[in-house]
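Peer 1: Below: one structure in C-alpha cells.
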Amino acid sequence: MVEGSKGLAGVAVADTALCYIDGEAGRLFYRGYDIHPLAEKGSFAEALYLLWYGELPTTVELTVFEGLLARERRLPDPLADVLRRLPVDGTPMSALRTTVSVLGELDADAGDNSREANLRKAGRLVAMLPVAVAANHRLRLGEAPVAPDPDLGLAADFLRMLTGEAPEDMAAAALDTSLLLYLEHGFNASTFACRVVASTLADMHAALTAGVAALSGPLHGGANEHAMRMLEEIGDVDEVGDYLDRELAAGRKIMGFGHRVYRTEDPRSTHLREMSKRLGESTGDATWYELSRAVESEMRDRKGLYCNVDFYCATVYRHLGIPLDLFTPLFALGRTGGWAAHVMEQHADNRLIRPRANYTGAIDRPYVLIDRRG
Ligand code: COA
C-alpha cells in the first residue's frame, strides 16, 4: 500500500513561485502580489507579464509587451480551414482543444522547450486563441469570422470579433478583469495536467492541449456555464429555497459553490460579485444579481459553502452578452497564460511527474487457456 490521498487532496507535487493560495484566509497572490489591487488597478496583460517575467512591467515594458501580443493576434489560414471543417454541432471547448493542437503543427518553435521559444509560443497562443474562439463561434452560426483589430485591447477586440461591433468600455474592462482573475490558480486540475505533460518534456502546445481537455469538465471549467444554466432554471428569487432543497436532497452538487482549497470566500468572487452588481445597475436590470445573492445566502445557510470564481462570473458574462457555451472557453483564454507559465517553470527545473496508485485488484490469478474458459 502506498501512502496517498484520494484526488491528491492536500498533496504538494512540485514547487512553484507563480501563485500562492491561502485557502483558510481566502487570499490569492500572483508572484507575491495580492490579487485585490491587481484586479482593481491592473490589467490582464500586466498580470500576464508579471507571471511570465516575474516582475510588474514599467509603462514602456507593458506597451512593448501589448504590442507584441497585438501583432500575433491573427488567424492562420490552415487553422481557419480546419475551423471551417469542424461539425457545427461540436462544442467550442473541443474546437479550442483542436485549435491548440493545430497551432502546435504550425508553430515555427514547435518542439523547442527553451525559455525564449516558450515565451514566443505562449505569446502566440494568448494572442491567437481568442481569434479562433470568436471565429469558431461565428462559423457555427453560419457567419463569416471578423478580422482582429490590433489597435484594440485583447478583451475589447474579442467582444468585437464575436459580434462585429465595438463593445462599451465597461464591458471590455469587465471581460479583461475576468481574464485576469482566471489567469492563474496553482495546481488546479488543468494546470496539473499541463505540468504532467510538460514533465515528459513534451512541448508547450502538447501540454496546453491537455490543459484545455482537463478544463472542459463540469467540475472544473464547465462550472460557470452550468451555474448560469442553474440560475436560468431557478428563474425567480422565490424559487431558490425549493430548488436547493430538491437538488441537495438528490445529492447533486450546486455549480459555482465549494472549492478544494478555499474554506472561506474565494477572493476572485469578491470582484466578480461587484462586477455583476455594477453591470446589472448599468443596464437597469438587477434580476440576475439579486437571484445570485439569494442562492449564495441560502447555500451558506444550508451547507456552509461559499461560492467560487465561476458563480458570479456566470452573470458577468451574461450581462456582456456572451453565449453560454463560450463561458468555459473564456476561462481557458485567461488560464492559457497561467498554463504557459507553468510549462515554462516545469521545463526550467524538470523532473518527470509520475505518482503511484493503490492497487485494489486481485494478484496471481491463474492463466487459463482460451479454449478452457467457461
Ligand atoms: N454543492 C453541494 N454540495 C457540495 C458542493 C456543491 N457545489 N461542493 C461540495 N459539497 C459538499 C460535498 O457533497 C461534501 O459533502 P459531504 O461531506 O456531506 O459529502 C462536502 O461539501 C465536501 O465536498 P467535496 O466534494 O469533498 O469537495 P472537493 O474538494 O472534492 O470538491 C469541488 C471541490 C469544487 C469539485 C466541489 O465543491 C464541486 O463539485 N463544486 C461544484 C463545481 C464547481 O463549482 N467547480 C468549480 C471549482 S472552482
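To be explicit about the labels: the chains of the C-alpha cells are called A, B, and onward in the order shown, and within each one the residues are counted from 1, while ligands get numbers from 1 in the order they are shown.
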Residues within 6 Å of ligand 1 should be enumerated using only C-alpha atoms and all ligand atoms and returned as a list in words.
Peer 2: Leu219, His220, Ala223, Lys253, Ile254, Met255, Gly256, Phe257, Gly258, His259, Arg260, Asn308 and Val309 of chain A
Peer 1: Go ahead and write the residues just picked, N, CA, C and O atoms, as a PDB file, in the first residue's frame.
Peer 2:
```
ATOM      1  N   LEU A 219     -16.727  19.791 -13.404  1.00  0.00           N
ATOM      2  CA  LEU A 219     -16.217  20.026 -12.053  1.00  0.00           C
ATOM      3  C   LEU A 219     -15.104  21.056 -12.035  1.00  0.00           C
ATOM      4  O   LEU A 219     -14.620  21.442 -10.979  1.00  0.00           O
ATOM      5  N   HIS A 220     -14.659  21.480 -13.224  1.00  0.00           N
ATOM      6  CA  HIS A 220     -13.561  22.458 -13.265  1.00  0.00           C
ATOM      7  C   HIS A 220     -14.059  23.656 -14.060  1.00  0.00           C
ATOM      8  O   HIS A 220     -14.781  24.489 -13.531  1.00  0.00           O
ATOM      9  N   ALA A 223     -18.035  24.875 -14.803  1.00  0.00           N
ATOM     10  CA  ALA A 223     -18.954  25.297 -13.735  1.00  0.00           C
ATOM     11  C   ALA A 223     -19.601  26.649 -13.999  1.00  0.00           C
ATOM     12  O   ALA A 223     -20.741  26.879 -13.592  1.00  0.00           O
ATOM     13  N   LYS A 253     -24.511  18.340  -6.818  1.00  0.00           N
ATOM     14  CA  LYS A 253     -23.678  19.498  -6.488  1.00  0.00           C
ATOM     15  C   LYS A 253     -24.284  20.764  -7.098  1.00  0.00           C
ATOM     16  O   LYS A 253     -24.818  20.740  -8.207  1.00  0.00           O
ATOM     17  N   ILE A 254     -24.174  21.848  -6.393  1.00  0.00           N
ATOM     18  CA  ILE A 254     -24.646  23.139  -6.902  1.00  0.00           C
ATOM     19  C   ILE A 254     -23.448  23.816  -7.557  1.00  0.00           C
ATOM     20  O   ILE A 254     -22.435  24.102  -6.906  1.00  0.00           O
ATOM     21  N   MET A 255     -23.585  24.059  -8.858  1.00  0.00           N
ATOM     22  CA  MET A 255     -22.429  24.558  -9.624  1.00  0.00           C
ATOM     23  C   MET A 255     -22.062  25.986  -9.214  1.00  0.00           C
ATOM     24  O   MET A 255     -22.941  26.833  -9.032  1.00  0.00           O
ATOM     25  N   GLY A 256     -20.728  26.199  -9.077  1.00  0.00           N
ATOM     26  CA  GLY A 256     -20.262  27.523  -8.664  1.00  0.00           C
ATOM     27  C   GLY A 256     -20.090  27.636  -7.157  1.00  0.00           C
ATOM     28  O   GLY A 256     -19.790  28.716  -6.649  1.00  0.00           O
ATOM     29  N   PHE A 257     -20.272  26.496  -6.453  1.00  0.00           N
ATOM     30  CA  PHE A 257     -20.079  26.501  -4.995  1.00  0.00           C
ATOM     31  C   PHE A 257     -19.078  25.438  -4.584  1.00  0.00           C
ATOM     32  O   PHE A 257     -18.962  24.395  -5.226  1.00  0.00           O
ATOM     33  N   GLY A 258     -18.379  25.721  -3.502  1.00  0.00           N
ATOM     34  CA  GLY A 258     -17.402  24.773  -2.963  1.00  0.00           C
ATOM     35  C   GLY A 258     -16.063  24.950  -3.657  1.00  0.00           C
ATOM     36  O   GLY A 258     -15.973  25.489  -4.773  1.00  0.00           O
ATOM     37  N   HIS A 259     -15.038  24.561  -2.975  1.00  0.00           N
ATOM     38  CA  HIS A 259     -13.697  24.654  -3.544  1.00  0.00           C
ATOM     39  C   HIS A 259     -12.767  23.696  -2.804  1.00  0.00           C
ATOM     40  O   HIS A 259     -12.922  23.493  -1.604  1.00  0.00           O
ATOM     41  N   ARG A 260     -11.843  23.122  -3.540  1.00  0.00           N
ATOM     42  CA  ARG A 260     -10.904  22.199  -2.917  1.00  0.00           C
ATOM     43  C   ARG A 260      -9.969  22.907  -1.935  1.00  0.00           C
ATOM     44  O   ARG A 260      -9.570  22.335  -0.917  1.00  0.00           O
ATOM     45  N   ASN A 308     -17.589  30.074  -5.587  1.00  0.00           N
ATOM     46  CA  ASN A 308     -16.237  30.162  -6.145  1.00  0.00           C
ATOM     47  C   ASN A 308     -16.247  31.115  -7.347  1.00  0.00           C
ATOM     48  O   ASN A 308     -17.271  31.707  -7.681  1.00  0.00           O
ATOM     49  N   VAL A 309     -15.092  31.210  -8.011  1.00  0.00           N
ATOM     50  CA  VAL A 309     -14.893  32.166  -9.106  1.00  0.00           C
ATOM     51  C   VAL A 309     -15.975  32.068 -10.190  1.00  0.00           C
ATOM     52  O   VAL A 309     -16.359  33.053 -10.806  1.00  0.00           O
TER      53      VAL A 309
END
```
Peer 1: Which of stretch 147-370 of chain A end up as alpha helix (DSSP H) when DSSP is run on this backbone - answer as a PyMOL selection string?
Peer 2: chain A and resi 154-163+169-182+189-199+204-215+223-234+240-249+267-283+287-303+309-319+327-348
Peer 1: Please identify all polymer residues within 9 Å of A:Arg71, counting only C-alpha atoms, omitting same-chain residues fewer than 5 positions from it, and present them as a PyMOL selection string.
Peer 2: chain A and resi 66+127+150
Peer 1: Pick out the residues sitting within 10 Å of stretch 14-27 of chain A, and hand them over as an MDAnalysis selection string; count only C-alpha atoms, and ignore anything fewer than 4 positions along from it in its own chain.
Peer 2: chainID A and resid 31:36 50:52 54 184:187 192 195 259:268 338 341:342 345:346 349:351 353
Peer 1: Save the residues we just selected, N, CA and C atoms, as a CSV table (one decimal), in the first residue's frame?
Peer 2:
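New file again_9.csv:
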```
chain,number,residue,atom,x,y,z
A,31,ARG,N,2.7,35.8,-8.0
A,31,ARG,CA,4.1,36.2,-7.8
A,31,ARG,C,4.3,37.1,-6.6
A,32,GLY,N,3.5,36.8,-5.6
A,32,GLY,CA,3.7,37.6,-4.3
A,32,GLY,C,2.8,38.8,-4.2
A,33,TYR,N,2.1,39.2,-5.3
A,33,TYR,CA,1.2,40.3,-5.3
A,33,TYR,C,-0.2,39.9,-5.0
A,34,ASP,N,-0.8,40.6,-4.0
A,34,ASP,CA,-2.2,40.3,-3.7
A,34,ASP,C,-3.1,40.5,-4.9
A,35,ILE,N,-4.1,39.6,-5.0
A,35,ILE,CA,-5.0,39.7,-6.2
A,35,ILE,C,-5.9,40.9,-6.2
A,36,HIS,N,-6.2,41.5,-5.0
A,36,HIS,CA,-7.1,42.6,-4.9
A,36,HIS,C,-6.6,43.8,-5.7
A,50,LEU,N,3.6,39.9,-15.5
A,50,LEU,CA,4.1,39.6,-14.1
A,50,LEU,C,4.4,38.1,-14.0
A,51,LEU,N,3.5,37.3,-14.5
A,51,LEU,CA,3.6,35.9,-14.3
A,51,LEU,C,4.7,35.3,-15.2
A,52,TRP,N,4.9,35.8,-16.4
A,52,TRP,CA,5.9,35.3,-17.3
A,52,TRP,C,7.3,35.8,-17.0
A,54,GLY,N,8.1,37.6,-14.0
A,54,GLY,CA,8.5,37.7,-12.5
A,54,GLY,C,8.3,39.0,-11.9
A,184,GLU,N,-4.5,32.5,-13.3
A,184,GLU,CA,-3.7,31.6,-12.6
A,184,GLU,C,-4.2,31.1,-11.3
A,185,HIS,N,-4.1,29.8,-11.0
A,185,HIS,CA,-4.6,29.4,-9.7
A,185,HIS,C,-4.0,28.1,-9.2
A,186,GLY,N,-2.7,28.1,-9.2
A,186,GLY,CA,-1.9,27.0,-8.6
A,186,GLY,C,-2.2,25.7,-9.3
A,187,PHE,N,-2.2,24.6,-8.5
A,187,PHE,CA,-2.2,23.3,-9.1
A,187,PHE,C,-3.6,22.7,-9.3
A,192,PHE,N,-2.3,21.2,-13.5
A,192,PHE,CA,-1.6,19.9,-13.2
A,192,PHE,C,-1.5,19.1,-14.4
A,195,ARG,N,1.3,20.4,-16.4
A,195,ARG,CA,2.6,20.1,-15.8
A,195,ARG,C,3.0,18.7,-16.0
A,259,HIS,N,-15.0,24.6,-3.0
A,259,HIS,CA,-13.7,24.7,-3.5
A,259,HIS,C,-12.8,23.7,-2.8
A,260,ARG,N,-11.8,23.1,-3.5
A,260,ARG,CA,-10.9,22.2,-2.9
A,260,ARG,C,-10.0,22.9,-1.9
A,261,VAL,N,-9.6,24.2,-2.2
A,261,VAL,CA,-8.6,24.9,-1.4
A,261,VAL,C,-9.3,25.9,-0.4
A,262,TYR,N,-10.2,26.7,-1.0
A,262,TYR,CA,-10.7,27.8,-0.1
A,262,TYR,C,-11.7,27.3,0.9
A,263,ARG,N,-11.5,27.7,2.1
A,263,ARG,CA,-12.5,27.4,3.2
A,263,ARG,C,-13.3,28.6,3.6
A,264,THR,N,-13.1,29.7,2.8
A,264,THR,CA,-13.8,30.9,3.1
A,264,THR,C,-14.1,31.5,1.7
A,265,GLU,N,-14.4,32.8,1.7
A,265,GLU,CA,-14.7,33.4,0.4
A,265,GLU,C,-13.5,33.3,-0.6
A,266,ASP,N,-13.8,32.9,-1.8
A,266,ASP,CA,-12.8,32.9,-2.9
A,266,ASP,C,-12.6,34.4,-3.2
A,267,PRO,N,-11.4,34.9,-3.1
A,267,PRO,CA,-11.1,36.3,-3.3
A,267,PRO,C,-11.5,36.8,-4.7
A,268,ARG,N,-11.5,35.9,-5.6
A,268,ARG,CA,-11.9,36.3,-7.0
A,268,ARG,C,-13.3,36.6,-7.1
A,338,GLY,N,-1.6,31.3,-17.5
A,338,GLY,CA,-1.1,30.6,-16.4
A,338,GLY,C,-0.5,29.2,-16.7
A,341,ALA,N,2.8,29.7,-18.2
A,341,ALA,CA,3.8,30.0,-17.1
A,341,ALA,C,4.3,28.7,-16.4
A,342,HIS,N,3.3,27.8,-16.2
A,342,HIS,CA,3.6,26.6,-15.5
A,342,HIS,C,4.5,25.7,-16.4
A,345,GLU,N,7.9,27.0,-16.1
A,345,GLU,CA,8.5,26.7,-14.8
A,345,GLU,C,8.9,25.2,-14.7
A,346,GLN,N,8.1,24.3,-15.3
A,346,GLN,CA,8.3,22.9,-15.3
A,346,GLN,C,9.6,22.6,-16.2
A,349,ASP,N,13.0,23.4,-14.6
A,349,ASP,CA,13.6,22.6,-13.5
A,349,ASP,C,12.8,21.3,-13.5
A,350,ASN,N,13.1,20.5,-14.4
A,350,ASN,CA,12.2,19.3,-14.7
A,350,ASN,C,12.5,18.1,-13.9
A,351,ARG,N,11.4,17.4,-13.4
A,351,ARG,CA,11.5,16.0,-13.0
A,351,ARG,C,10.2,15.4,-13.4
A,353,ILE,N,6.9,13.8,-13.6
A,353,ILE,CA,5.8,13.7,-12.6
A,353,ILE,C,5.2,12.3,-12.8
```
Peer 1: Give one line per residue of stretch 164-190 of chain A that approaches stretch 129-149 of chain A to at most 12 Å, naming the two atoms of the closest pair and their distance in Å to one decimal, counting only C-alpha atoms; sort by chain then ascending residue number and deliver it as a Markdown table.
Peer 2:
```
| residue | atom | partner | partner_atom | distance |
| --- | --- | --- | --- | --- |
| A:Gly164 | CA | A:Val146 | CA | 6.4 |
| A:Glu165 | CA | A:Val146 | CA | 9.7 |
| A:Ala166 | CA | A:Asp149 | CA | 10.3 |
| A:Leu179 | CA | A:Pro130 | CA | 11.4 |
```
Peer 1: Keeping only N, CA and C atoms, write the selected residues to a file as a short mmCIF file (atom, residue, chain, number, x, y, z; two decimals), in the first residue's frame.
Peer 2:
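That gives us part.cif:
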```cif
data_model
loop_
_atom_site.label_atom_id
_atom_site.label_comp_id
_atom_site.auth_asym_id
_atom_site.auth_seq_id
_atom_site.Cartn_x
_atom_site.Cartn_y
_atom_site.Cartn_z
N GLY A 164 -19.11 41.69 -34.08
CA GLY A 164 -18.92 42.60 -35.20
C GLY A 164 -19.04 44.06 -34.78
N GLU A 165 -19.35 44.30 -33.49
CA GLU A 165 -19.50 45.69 -33.04
C GLU A 165 -18.57 45.98 -31.87
N ALA A 166 -18.01 47.20 -31.84
CA ALA A 166 -17.11 47.57 -30.75
C ALA A 166 -17.90 47.61 -29.44
N LEU A 179 -10.58 37.87 -17.13
CA LEU A 179 -9.44 37.09 -17.66
C LEU A 179 -8.28 37.13 -16.67
#
```
Peer 1: Would you work out the distance separating atom CA of A:Leu28 from atom CA of A:Leu320, expressed in Å to one decimal?
Peer 2: 25.7 Å
Peer 1: Let me make sure I understand: among A:Asp151, A:Asp245, A:Glu55, A:Glu40, which one has the smallest atom-to-atom distance to A:Met299 if we use only C-alpha atoms?
Peer 2: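 Among the listed residues, the smallest separation from A:Met299 belongs to A:Asp245.
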Peer 1: Between A:Glu233, A:Val343, A:Glu168, A:Val11, which is the closest to A:His319 once you count only C-alpha atoms?
Peer 2: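 Using only C-alpha atoms, A:His319 sits closest to A:Glu168.
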Peer 1: With only C-alpha atoms as the counted atoms, please give the residues lying no more than 10 Å from A:Val316, apart from itself and same-chain residues fewer than 3 positions off, as a PyMOL selection string.
Peer 2: chain A and resi 171+174-175+178+228+272-280+288-289+310-313+319-322
Peer 1: Using only C-alpha atoms, which of A:Leu248, A:Met161, A:Ala12, A:Leu96 sits nearest A:Gly211?
Peer 2: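 For A:Gly211, the nearest of the candidates is A:Leu96.
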Peer 1: Between atom CA of A:Ala80 and atom CA of A:Thr99, measure the distance and give it in Å to one decimal.
Peer 2: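 Atom CA of A:Ala80 sits 9.4 Å away from atom CA of A:Thr99.
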Peer 1: If you count only C-alpha atoms, which residues fall within 8 Å of A:Ala110, apart from same-chain ones fewer than 4 positions away, as a ChimeraX atom specification?
Peer 2: /A:104-106,203-205
Peer 1: Residues as selected, C-alpha atoms, written as a compact mmCIF listing (two decimals), in the first residue's frame, can you do that?
Peer 2:
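Once written, out07.txt looks like this:
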```txt
# COMPACT_ATOMS: atom_id res chain seq x y z
CA GLY A 104 1.28 23.33 -32.48
CA GLU A 105 1.56 21.91 -36.00
CA LEU A 106 2.05 25.39 -37.44
CA ASP A 203 6.27 20.88 -25.70
CA MET A 204 4.06 23.88 -24.90
CA HIS A 205 1.26 23.04 -27.34
```
Peer 1: Distance atom CA of A:Ala202-atom CA of A:Arg97, one decimal place?
Peer 2: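 Here the two named atoms are 16.3 Å from each other.
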Peer 1: I'd like to know which of A:Ala70, A:Val197, A:Leu103, A:Val60 is closest to A:Ala156, using only C-alpha atoms.
Peer 2: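 Once distances to A:Ala156 are computed over only C-alpha atoms, the minimum belongs to A:Ala70.
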